[in-house]
$ cat target24.cif   # mmCIF, C-alpha atoms and all ligand atoms
data_data
#
loop_
_atom_site.label_atom_id
_atom_site.label_comp_id
_atom_site.auth_asym_id
_atom_site.auth_seq_id
_atom_site.Cartn_x
_atom_site.Cartn_y
_atom_site.Cartn_z
CA MET A 407 -6.89 41.16 -51.07
CA PRO A 408 -4.20 42.31 -48.59
CA LEU A 409 -5.19 43.73 -45.24
CA PHE A 410 -4.55 47.43 -44.77
CA ASP A 411 -1.24 47.12 -42.98
CA VAL A 412 -1.54 49.35 -39.92
CA TYR A 413 -0.55 46.95 -37.13
CA PRO A 414 2.79 45.25 -36.45
CA LEU A 415 1.75 41.70 -35.47
CA TYR A 416 3.19 39.12 -33.11
CA GLU A 417 3.57 35.60 -34.53
CA VAL A 418 0.77 34.07 -32.48
CA THR A 419 -2.62 32.95 -33.82
CA PRO A 420 -5.11 32.36 -31.02
CA VAL A 421 -7.62 29.62 -31.83
CA LYS A 422 -9.18 29.14 -28.41
CA ALA A 423 -9.23 30.82 -25.02
CA LYS A 424 -10.37 29.90 -21.52
CA GLY A 425 -10.10 31.83 -18.26
CA VAL A 426 -6.75 33.62 -18.25
CA TYR A 427 -5.28 31.50 -21.04
CA VAL A 428 -5.18 31.87 -24.82
CA TYR A 429 -4.32 28.80 -26.93
CA GLY A 430 -2.35 29.28 -30.13
CA ALA A 431 -2.49 27.46 -33.47
CA ASP A 432 1.09 26.48 -32.51
CA LYS A 433 -0.46 24.31 -29.73
CA LYS A 434 1.07 26.54 -27.06
CA LYS A 435 -0.80 27.87 -24.03
CA TYR A 436 -0.31 31.60 -23.41
CA LEU A 437 -0.96 33.37 -20.10
CA ASP A 438 -3.00 36.46 -20.94
CA LEU A 439 -1.73 39.37 -18.82
CA TYR A 440 -2.88 41.82 -21.52
CA GLY A 441 -6.60 40.95 -21.57
CA GLY A 442 -6.80 41.78 -25.29
CA HIS A 443 -5.98 45.40 -24.33
CA ALA A 444 -7.86 45.59 -20.99
CA VAL A 445 -11.01 44.19 -22.58
CA ILE A 446 -11.28 40.76 -20.98
CA SER A 447 -12.67 41.53 -17.53
CA ILE A 448 -14.35 38.31 -16.35
CA GLY A 449 -12.10 35.87 -18.22
CA HIS A 450 -12.32 34.16 -21.59
CA GLN A 451 -15.27 31.82 -22.15
CA ASN A 452 -16.90 32.69 -18.86
CA PRO A 453 -19.88 30.32 -18.48
CA VAL A 454 -22.33 33.06 -17.36
CA TYR A 455 -21.30 35.18 -20.34
CA ASN A 456 -21.58 32.32 -22.82
CA ARG A 457 -24.94 31.24 -21.46
CA LYS A 458 -26.48 34.72 -21.60
CA LEU A 459 -25.23 35.43 -25.12
CA LYS A 460 -26.28 32.04 -26.49
CA ARG A 461 -29.73 32.34 -24.96
CA GLN A 462 -30.17 35.87 -26.32
CA ILE A 463 -29.03 35.08 -29.85
CA SER A 464 -31.49 32.21 -30.00
CA ARG A 465 -34.29 34.76 -29.33
CA ILE A 466 -33.33 38.12 -30.87
CA GLY A 467 -29.80 39.46 -31.40
CA PHE A 468 -30.50 42.90 -32.76
CA TYR A 469 -33.14 45.45 -33.51
CA SER A 470 -32.77 49.20 -33.91
CA ASN A 471 -33.18 51.76 -31.14
CA ALA A 472 -36.62 52.67 -32.47
CA ILE A 473 -38.22 49.96 -30.31
CA GLN A 474 -38.42 49.18 -26.60
CA ASN A 475 -35.41 47.28 -25.27
CA PRO A 476 -35.86 46.64 -21.54
CA LEU A 477 -32.36 45.10 -21.39
CA GLN A 478 -30.94 48.64 -21.69
CA THR A 479 -32.90 49.78 -18.64
CA GLN A 480 -31.89 46.65 -16.74
CA LEU A 481 -28.26 47.33 -17.59
CA ALA A 482 -28.50 51.01 -16.61
CA ASP A 483 -30.06 50.05 -13.26
CA GLU A 484 -27.35 47.47 -12.55
CA ILE A 485 -24.55 49.91 -13.45
CA GLU A 486 -26.15 52.46 -11.14
CA ALA A 487 -26.42 49.90 -8.30
CA GLN A 488 -22.85 48.66 -8.63
CA SER A 489 -21.17 52.02 -9.33
CA GLY A 490 -23.22 54.16 -6.95
CA CYS A 491 -23.53 56.80 -9.71
CA ASN A 492 -27.09 57.62 -8.73
CA GLY A 493 -29.41 59.47 -11.07
CA TYR A 494 -27.09 59.43 -14.08
CA GLN A 495 -28.64 58.65 -17.49
CA MET A 496 -27.10 56.08 -19.83
CA PHE A 497 -26.60 56.26 -23.59
CA MET A 498 -25.06 53.23 -25.29
CA CYS A 499 -22.71 52.92 -28.27
CA SER A 500 -20.21 50.34 -29.47
CA SER A 501 -16.62 51.43 -28.71
CA GLY A 502 -14.45 53.60 -26.51
CA ALA A 503 -13.78 56.25 -29.14
CA GLU A 504 -17.47 56.50 -29.85
CA ALA A 505 -18.19 56.86 -26.13
CA ASN A 506 -15.75 59.78 -25.88
CA GLU A 507 -17.02 61.30 -29.13
CA ASN A 508 -20.54 61.28 -27.70
CA ALA A 509 -19.28 62.60 -24.35
CA LEU A 510 -17.50 65.55 -25.99
CA LYS A 511 -20.44 66.26 -28.27
CA LEU A 512 -22.83 66.19 -25.33
CA ALA A 513 -20.58 68.58 -23.37
CA SER A 514 -20.61 70.96 -26.32
CA PHE A 515 -24.40 70.76 -26.73
CA HIS A 516 -24.87 71.25 -22.98
CA THR A 517 -22.56 74.26 -22.59
CA GLY A 518 -22.82 75.76 -26.10
CA LYS A 519 -18.98 75.96 -26.15
CA THR A 520 -16.35 74.44 -28.46
CA LYS A 521 -12.88 74.10 -26.88
CA ILE A 522 -11.57 71.01 -25.09
CA VAL A 523 -8.93 70.66 -22.38
CA ALA A 524 -7.09 67.31 -22.36
CA PHE A 525 -3.84 66.17 -20.76
CA LYS A 526 -0.35 65.34 -21.98
CA ASN A 527 -0.03 61.67 -22.98
CA ALA A 528 -3.82 61.25 -23.02
CA PHE A 529 -5.45 58.66 -25.26
CA HIS A 530 -9.17 58.99 -25.96
CA GLY A 531 -9.66 57.15 -29.27
CA ARG A 532 -9.38 57.66 -33.00
CA THR A 533 -12.61 59.38 -34.06
CA SER A 534 -12.97 63.09 -34.76
CA ALA A 535 -12.98 64.96 -31.44
CA ALA A 536 -11.64 61.96 -29.47
CA VAL A 537 -8.48 61.76 -31.56
CA ALA A 538 -8.03 65.53 -31.46
CA ALA A 539 -8.02 65.20 -27.65
CA THR A 540 -5.39 62.44 -27.90
CA ASP A 541 -1.83 63.57 -27.37
CA THR A 542 -0.28 61.65 -30.28
CA PRO A 543 0.21 64.08 -33.18
CA LYS A 544 1.00 61.36 -35.73
CA ILE A 545 -2.52 59.87 -35.50
CA ILE A 546 -4.27 63.25 -35.86
CA ALA A 547 -5.20 63.76 -39.53
CA PRO A 548 -5.39 67.33 -40.88
CA LEU A 549 -9.18 66.96 -40.83
CA ASN A 550 -9.16 66.26 -37.07
CA ALA A 551 -6.70 69.06 -36.33
CA GLN A 552 -9.50 71.61 -36.76
CA GLN A 553 -10.71 70.88 -33.23
CA GLU A 554 -9.42 73.31 -30.64
CA VAL A 555 -7.75 71.27 -27.91
CA ILE A 556 -5.46 72.60 -25.18
CA PHE A 557 -3.15 69.97 -23.67
CA LEU A 558 -2.05 70.55 -20.08
CA ASP A 559 0.29 68.67 -17.74
CA PHE A 560 -1.23 66.79 -14.84
CA GLY A 561 -0.73 69.25 -11.97
CA ASP A 562 -0.71 72.43 -14.06
CA GLU A 563 -3.06 74.32 -11.75
CA LYS A 564 -2.21 77.72 -13.19
CA GLY A 565 -2.73 76.58 -16.79
CA LEU A 566 -6.04 74.99 -15.89
CA THR A 567 -7.36 78.09 -14.11
CA GLU A 568 -6.22 80.46 -16.87
CA THR A 569 -7.63 78.28 -19.68
CA LEU A 570 -11.02 77.59 -18.13
CA SER A 571 -11.55 81.15 -16.93
CA LYS A 572 -11.69 82.32 -20.56
CA GLY A 573 -15.16 80.73 -20.58
CA ASP A 574 -15.00 78.94 -23.94
CA VAL A 575 -14.12 75.37 -22.86
CA CYS A 576 -16.95 72.83 -23.15
CA ALA A 577 -15.10 69.92 -21.54
CA VAL A 578 -12.10 68.80 -19.58
CA ILE A 579 -11.52 65.13 -20.42
CA ILE A 580 -9.33 63.12 -18.07
CA GLU A 581 -8.25 59.53 -17.42
CA ALA A 582 -7.97 58.94 -13.66
CA ILE A 583 -5.27 56.43 -14.59
CA GLN A 584 -3.76 56.96 -18.01
CA GLY A 585 -3.86 53.78 -20.08
CA VAL A 586 -2.04 54.03 -23.39
CA GLY A 587 -0.05 57.00 -22.04
CA GLY A 588 1.68 54.86 -19.39
CA LEU A 589 -0.26 54.62 -16.11
CA ASP A 590 0.30 58.15 -14.82
CA MET A 591 -2.28 59.41 -12.32
CA PRO A 592 -3.21 62.96 -11.27
CA THR A 593 -2.82 63.87 -7.59
CA GLU A 594 -5.93 64.13 -5.44
CA LYS A 595 -5.39 67.87 -5.06
CA PHE A 596 -5.23 68.39 -8.81
CA MET A 597 -8.26 66.22 -9.51
CA LYS A 598 -10.28 68.25 -7.00
CA GLN A 599 -9.11 71.44 -8.66
CA VAL A 600 -10.21 70.10 -12.04
CA GLU A 601 -13.65 69.39 -10.58
CA ASN A 602 -13.91 72.84 -8.93
CA SER A 603 -12.68 74.75 -11.98
CA CYS A 604 -15.16 72.92 -14.20
CA ARG A 605 -18.02 73.82 -11.81
CA GLU A 606 -16.98 77.47 -11.60
CA ASN A 607 -16.66 77.91 -15.37
CA ASP A 608 -19.66 75.92 -16.67
CA THR A 609 -17.38 73.30 -18.21
CA CYS A 610 -18.24 69.59 -18.26
CA LEU A 611 -15.84 67.23 -16.50
CA ILE A 612 -15.58 64.02 -18.54
CA ALA A 613 -14.06 60.98 -16.83
CA ASP A 614 -12.71 58.65 -19.52
CA GLU A 615 -13.24 55.24 -17.90
CA VAL A 616 -12.97 53.31 -21.15
CA GLN A 617 -9.95 51.38 -19.89
CA SER A 618 -10.07 51.91 -16.13
CA GLY A 619 -13.81 51.33 -15.61
CA PHE A 620 -15.84 48.26 -14.73
CA GLY A 621 -13.71 47.33 -11.74
CA ARG A 622 -10.23 47.26 -13.23
CA SER A 623 -8.76 49.77 -10.76
CA GLY A 624 -10.37 48.09 -7.72
CA LYS A 625 -13.31 50.50 -7.68
CA PHE A 626 -16.12 50.47 -10.23
CA PHE A 627 -14.70 53.64 -11.81
CA ALA A 628 -11.14 54.87 -11.25
CA PHE A 629 -12.29 58.48 -10.63
CA GLN A 630 -13.97 57.13 -7.48
CA HIS A 631 -10.53 56.89 -5.84
CA TYR A 632 -10.69 60.71 -5.84
CA GLY A 633 -14.23 61.31 -4.54
CA ILE A 634 -15.18 63.58 -7.46
CA THR A 635 -18.46 63.79 -9.39
CA PRO A 636 -17.95 63.96 -13.17
CA ASP A 637 -20.61 65.39 -15.47
CA ILE A 638 -20.09 62.63 -18.02
CA ILE A 639 -18.46 59.20 -17.70
CA SER A 640 -17.37 57.20 -20.75
CA MET A 641 -17.08 53.40 -20.69
CA ALA A 642 -16.24 50.49 -23.03
CA LYS A 643 -13.58 47.72 -23.02
CA GLY A 644 -14.22 45.64 -19.86
CA MET A 645 -17.93 46.51 -20.09
CA GLY A 646 -18.48 43.73 -22.65
CA ASN A 647 -15.63 41.26 -22.02
CA GLY A 648 -14.92 41.24 -25.77
CA PHE A 649 -18.36 42.09 -27.14
CA PRO A 650 -18.13 45.58 -28.75
CA VAL A 651 -20.08 47.74 -26.32
CA GLY A 652 -19.56 51.23 -24.95
CA GLY A 653 -21.58 53.97 -23.39
CA ILE A 654 -21.74 57.21 -21.49
CA LEU A 655 -23.37 58.16 -18.22
CA ALA A 656 -24.67 61.73 -18.10
CA HIS A 657 -25.25 63.63 -14.85
CA PRO A 658 -28.92 64.34 -14.00
CA ASN A 659 -28.30 68.07 -14.70
CA ILE A 660 -27.74 67.30 -18.39
CA LYS A 661 -31.04 67.25 -20.21
CA PRO A 662 -31.59 65.13 -23.34
CA TRP A 663 -33.71 65.99 -26.37
CA TYR A 664 -34.87 63.75 -29.23
CA GLY A 665 -32.16 63.38 -31.84
CA MET A 666 -29.37 64.80 -29.65
CA LEU A 667 -27.39 61.53 -29.85
CA GLY A 668 -28.05 58.39 -31.85
CA THR A 669 -26.63 55.06 -33.02
CA THR A 670 -27.64 52.04 -35.08
CA PHE A 671 -25.77 49.29 -33.23
CA GLY A 672 -25.34 50.76 -29.74
CA GLY A 673 -27.27 49.04 -26.95
CA ASN A 674 -28.42 46.06 -29.01
CA HIS A 675 -29.71 42.97 -27.23
CA LEU A 676 -26.46 41.03 -27.41
CA ALA A 677 -24.39 43.99 -26.21
CA CYS A 678 -26.67 44.42 -23.21
CA GLN A 679 -26.48 40.72 -22.30
CA ALA A 680 -22.69 40.75 -22.58
CA SER A 681 -22.50 43.65 -20.16
CA LEU A 682 -25.12 42.18 -17.81
CA ALA A 683 -23.00 39.02 -17.65
CA VAL A 684 -19.92 41.09 -16.77
CA LEU A 685 -21.83 42.81 -13.96
CA GLU A 686 -23.21 39.54 -12.61
CA VAL A 687 -19.75 37.97 -12.42
CA LEU A 688 -18.11 41.16 -11.06
CA LYS A 689 -20.56 41.09 -8.16
CA LYS A 690 -20.72 37.34 -7.51
CA LYS A 691 -16.96 36.85 -7.57
CA LYS A 692 -16.22 40.15 -5.79
CA LEU A 693 -13.75 40.95 -8.53
CA MET A 694 -13.17 44.55 -7.46
CA ASP A 695 -11.89 43.47 -4.02
CA HIS A 696 -9.88 40.78 -5.74
CA ALA A 697 -8.33 43.35 -8.11
CA THR A 698 -7.40 45.56 -5.16
CA ALA A 699 -5.77 42.74 -3.19
CA LEU A 700 -3.86 41.30 -6.14
CA GLY A 701 -2.78 44.75 -7.29
CA GLU A 702 -1.33 45.58 -3.88
CA ALA A 703 0.58 42.27 -3.72
CA PHE A 704 1.81 42.78 -7.29
CA ILE A 705 3.15 46.26 -6.53
CA LYS A 706 5.02 45.03 -3.43
CA ARG A 707 6.62 42.13 -5.27
CA ALA A 708 7.48 44.22 -8.34
CA GLU A 709 9.16 46.89 -6.22
CA SER A 710 11.56 44.28 -4.85
CA ILE A 711 12.86 43.30 -8.30
CA PRO A 712 16.21 44.86 -9.18
CA GLY A 713 15.88 46.46 -12.59
CA VAL A 714 12.31 47.63 -12.07
CA LYS A 715 12.63 51.40 -11.83
CA LYS A 716 9.07 52.27 -10.95
CA VAL A 717 5.75 50.46 -10.44
CA LYS A 718 2.65 52.37 -11.54
CA GLY A 719 -1.13 52.03 -11.48
CA ARG A 720 -3.60 50.40 -9.13
CA GLY A 721 -5.84 47.35 -9.03
CA LEU A 722 -5.18 45.25 -12.11
CA MET A 723 -4.20 48.22 -14.27
CA LEU A 724 -0.47 48.15 -13.67
CA GLY A 725 2.81 49.19 -15.24
CA LEU A 726 6.46 48.34 -14.69
CA GLU A 727 8.94 50.98 -15.78
CA PHE A 728 12.50 50.06 -16.70
CA ASP A 729 15.49 52.09 -17.80
CA PHE A 730 15.41 50.41 -21.24
CA GLU A 731 12.79 50.02 -23.97
CA VAL A 732 10.66 46.93 -23.34
CA GLY A 733 10.02 45.76 -26.92
CA GLU A 734 12.55 42.91 -26.71
CA LEU A 735 11.44 41.96 -23.20
CA ARG A 736 7.82 41.62 -24.39
CA LYS A 737 8.99 39.35 -27.23
CA LYS A 738 10.95 37.19 -24.78
CA LEU A 739 7.92 36.94 -22.51
CA ILE A 740 5.73 35.83 -25.42
CA TYR A 741 8.06 33.54 -27.35
CA GLU A 742 10.13 32.04 -24.50
CA HIS A 743 7.65 32.09 -21.60
CA GLN A 744 4.24 32.25 -23.37
CA ILE A 745 3.05 35.34 -21.51
CA PHE A 746 1.20 38.25 -23.16
CA THR A 747 1.88 41.72 -21.74
CA GLY A 748 1.15 45.21 -23.06
CA GLY A 749 3.24 48.18 -24.15
CA SER A 750 2.40 51.88 -24.00
CA SER A 751 3.43 55.15 -25.58
CA ASN A 752 6.11 55.24 -22.86
CA LYS A 753 8.43 52.73 -24.55
CA LYS A 754 10.08 51.81 -21.25
CA LEU A 755 6.85 50.66 -19.64
CA LEU A 756 5.43 47.14 -19.56
CA ARG A 757 1.67 47.05 -19.02
CA ILE A 758 -0.16 44.37 -17.06
CA LEU A 759 -3.90 44.25 -17.77
CA PRO A 760 -5.06 40.71 -16.99
CA PRO A 761 -8.60 39.43 -16.76
CA LEU A 762 -9.85 40.40 -13.28
CA THR A 763 -10.18 36.67 -12.54
CA VAL A 764 -6.38 36.22 -12.60
CA GLN A 765 -4.96 34.40 -9.56
CA GLN A 766 -1.80 34.93 -7.51
CA LYS A 767 -0.21 31.80 -9.06
CA HIS A 768 -0.45 33.41 -12.51
CA LEU A 769 1.25 36.55 -11.29
CA ASP A 770 3.95 34.38 -9.63
CA GLN A 771 4.46 32.70 -13.00
CA PHE A 772 4.94 36.15 -14.55
CA PHE A 773 7.49 37.25 -11.94
CA THR A 774 9.52 34.05 -12.38
CA ALA A 775 9.56 34.60 -16.15
CA LEU A 776 10.39 38.28 -15.74
CA GLU A 777 13.35 37.58 -13.45
CA LYS A 778 14.70 35.02 -15.92
CA SER A 779 14.26 37.46 -18.80
CA LEU A 780 15.98 40.47 -17.21
C1 LIG B 801 -8.71 55.56 -22.04
C2 LIG B 801 -9.15 55.16 -23.42
N1 LIG B 801 -10.10 55.87 -24.04
C3 LIG B 801 -10.56 55.53 -25.27
C4 LIG B 801 -10.04 54.46 -25.95
C5 LIG B 801 -10.56 54.11 -27.31
O1 LIG B 801 -11.31 52.95 -27.26
P1 LIG B 801 -11.66 52.12 -28.61
O2 LIG B 801 -10.36 51.54 -29.09
O3 LIG B 801 -12.66 51.10 -28.14
O4 LIG B 801 -12.24 53.08 -29.56
C6 LIG B 801 -9.02 53.70 -25.36
C7 LIG B 801 -8.42 52.55 -26.08
O5 LIG B 801 -7.37 52.05 -25.76
C8 LIG B 801 -8.57 54.06 -24.06
O6 LIG B 801 -7.60 53.37 -23.45
#
$ encode --input "target24.cif" --output "structure tokens" --more "lines below"
Ligand SMILES: Cc1ncc(COP(=O)(O)O)c(C=O)c1O
Amino acid sequence: MPLFDVYPLYEVTPVKAKGVYVYGADKKKYLDLYGGHAVISIGHQNPVYNRKLKRQISRIGFYSNAIQNPLQTQLADEIEAQSGCNGYQMFMCSSGAEANENALKLASFHTGKTKIVAFKNAFHGRTSAAVAATDTPKIIAPLNAQQEVIFLDFGDEKGLTETLSKGDVCAVIIEAIQGVGGLDMPTEKFMKQVENSCRENDTCLIADEVQSGFGRSGKFFAFQHYGITPDIISMAKGMGNGFPVGGILAHPNIKPWYGMLGTTFGGNHLACQASLAVLEVLKKKKLMDHATALGEAFIKRAESIPGVKKVKGRGLMLGLEFDFEVGELRKKLIYEHQIFTGGSSNKKLLRILPPLTVQQKHLDQFFTALEKSL
């Protein structure tokens, strides 16, 4: 049976991975500066991660959410301690889209309203409301187009005020650093205005931290660079270092009721252990400080390279913009230099999303390869 052919594939077949390296069936060793799309946070085959998952699967891997699972509470407490998001309540699911779907649904339940405000170039996932709030018309099926979503530019203060003041918007959903869209960030002034307008108009502010969360930006959540307090925070990717796990954090003002949200797989024992391992390593290895320091050094070095038009992002969520499309450059980096990088919907942008355990020598290896390839 053929696979449903929706992805163009590179000619690499990973058979093993360790740390920041992926090993191909071709016997080549690839430097992973893509992190399997910002998913690998604490490195491939991390010993803490492997130990926790192996131990858990030998006891119980899964049971439904109808029983007590103290691992969920342990995880919620550790996220609270490390993020400083005090008093929030956690609901778990299994992917980023699902996290945003639940976030949007919760905002609608909480406010009783239906419209969404999202931003140009946003990416929030491929499920119903999440895809409708994604600014890529070709992936929005007619079925999804029923959702009422208003897309604004980052910085469109007038548009934001006018739209929210109509009183029918349940949520503003925002990435503090755009991922798929190409690493654009709102200004501090605009982010504060988003927060204030949401407060004034009984609209939930949703911070989509699916890609930028769990330390990737140098803080636990990227919105924390702005000092704002979202009503709902969505998380996934780096949360599980490859295990499918996602979740939302809901502000203490948002009250739950039985049946409001639900899931079969979300928050299972293995998912919790994967995320607990990520948190243990994040803390022990001080990976957020490490991401900040390496990100700053990366930006400085990248800015000195002729041909690099702009350097974007922060921490280890970075982008290099050129004045040409980077498709061929990415192929050269993979096939000639064995380095994985990412693309984005901005075709001229190369994305760098390594495991947070990456070292300076790996980034030096990238710059040498980049200079040779330009
Ligand atoms: C910011 C953001 N939100 C949501 C998603 C969707 O996550 P998933 O692919 O796990 O559904 C992504 C995926 O790239 C993302 O970058």
$ residues_around --input "target24.cif" --residues "segment 674-686 of chain A" --least-positions-apart "6" --cutoff "9 Å" --atoms "all atoms listed in the file" --output "PyMOL selection string"
chain A and resi 447-448+452+454-459+462-463+466-471+475+477-478+480-481+484-485+488+498-500+620+644-652
$ closest_atom_pairs --input "target24.cif" --of "chain A" --to "ligand LIG 801 (chain B)" --cutoff "7 Å" --atoms "all atoms listed in the file" --output "tab-separated table"
residue	atom	partner	partner_atom	distance
A:His443	CA	B:LIG801	O5	6.9
A:Ser501	CA	B:LIG801	O3	4.0
A:Gly502	CA	B:LIG801	O1	3.3
A:Ala503	CA	B:LIG801	O4	3.5
A:Glu504	CA	B:LIG801	O4	6.3
A:Asn506	CA	B:LIG801	C3	6.7
A:Phe529	CA	B:LIG801	C2	5.4
A:His530	CA	B:LIG801	N1	3.8
A:Gly531	CA	B:LIG801	C5	3.7
A:Arg532	CA	B:LIG801	O4	6.4
A:Glu581	CA	B:LIG801	C1	6.1
A:Gln584	CA	B:LIG801	C1	6.5
A:Gly585	CA	B:LIG801	O6	5.1
A:Val586	CA	B:LIG801	O6	5.6
A:Asp614	CA	B:LIG801	C1	5.6
A:Glu615	CA	B:LIG801	C1	6.1
A:Val616	CA	B:LIG801	N1	4.8
A:Gln617	CA	B:LIG801	O6	4.7
A:Ala642	CA	B:LIG801	O3	6.3
A:Lys643	CA	B:LIG801	O3	6.2
$ atom_distance --input "target24.cif" --atom1 "atom CA of Ala703 of chain A" --atom2 "atom CA of Leu722 of chain A"
10.6 Å
$ atom_distance --input "target24.cif" --atom1 "atom CA of Asp559 of chain A" --atom2 "atom CA of Ala524 of chain A"
8.8 Å
$ closest_residue --input "target24.cif" --among "A:Gly668, A:Ser751, A:Lys434, A:Phe773" --to "Ile705 of chain A" --atoms "all atoms listed in the file"
A:Phe773
$ closest_residue --input "target24.cif" --among "A:Leu570, A:Met407, A:Leu693, A:Ile639" --to "Asn602 of chain A" --atoms "only C-alpha atoms"
A:Leu570
$ atom_distance --input "target24.cif" --atom1 "atom CA of Gly449 of chain A" --atom2 "atom CA of Phe671 of chain A"
24.3 Å
$ residues_around --input "target24.cif" --residues "Ile612 of chain A" --least-positions-apart "4" --cutoff "12 Å" --atoms "all atoms listed in the file" --output "VMD selection string"
chain A and resid 505 to 514 522 to 524 530 536 539 576 to 582 597 600 to 601 604 616 629 634 to 641 654 to 657
$ residues_around --input "target24.cif" --residues "Phe627 of chain A" --least-positions-apart "3" --cutoff "9 Å" --atoms "all atoms listed in the file" --output "list of chain:residue names"
A:Ser489, A:Ala582, A:Ala613, A:Glu615, A:Ser618, A:Gly619, A:Phe620, A:Gly621, A:Arg622, A:Ser623, A:Gly624, A:Gln630, A:His631, A:Ile639
$ residues_around --input "target24.cif" --residues "segment 723-734 of chain A" --least-positions-apart "5" --cutoff "7 Å" --atoms "all atoms listed in the file" --output "short mmCIF file (atom, residue, chain, number, x, y, z; two decimals) with C-alpha atoms, in the frame of the given file"
data_model
loop_
_atom_site.label_atom_id
_atom_site.label_comp_id
_atom_site.auth_asym_id
_atom_site.auth_seq_id
_atom_site.Cartn_x
_atom_site.Cartn_y
_atom_site.Cartn_z
CA LEU A 589 -0.26 54.62 -16.11
CA ARG A 622 -10.23 47.26 -13.23
CA SER A 623 -8.76 49.77 -10.76
CA GLY A 713 15.88 46.46 -12.59
CA VAL A 714 12.31 47.63 -12.07
CA LYS A 715 12.63 51.40 -11.83
CA LYS A 716 9.07 52.27 -10.95
CA VAL A 717 5.75 50.46 -10.44
CA LYS A 718 2.65 52.37 -11.54
CA LYS A 753 8.43 52.73 -24.55
CA LYS A 754 10.08 51.81 -21.25
CA LEU A 755 6.85 50.66 -19.64
CA LEU A 756 5.43 47.14 -19.56
CA ARG A 757 1.67 47.05 -19.02
CA ILE A 758 -0.16 44.37 -17.06
CA LEU A 759 -3.90 44.25 -17.77
#
$ residues_around --input "target24.cif" --residues "segment 547-556 of chain A" --least-positions-apart "4" --cutoff "9 Å" --atoms "only C-alpha atoms" --output "list of chain:residue names"
A:Thr520, A:Lys521, A:Ile522, A:Val523, A:Ala524, A:Phe525, A:Thr533, A:Ser534, A:Ala535, A:Val537, A:Ala538, A:Ala539, A:Pro543, A:Thr569
$ closest_residue --input "target24.cif" --among "A:Ser603, A:Thr669, A:Thr542, A:Ser779" --to "Glu742 of chain A" --atoms "all atoms listed in the file"
A:Ser779
$ closest_residue --input "target24.cif" --among "A:Arg605, A:Arg736, A:Ala528, A:Lys778" --to "Gly573 of chain A" --atoms "all atoms listed in the file"
A:Arg605
$ closest_residue --input "target24.cif" --among "A:Met496, A:Pro408, A:Lys661, A:Tyr436" --to "Thr517 of chain A" --atoms "only C-alpha atoms"
A:Lys661
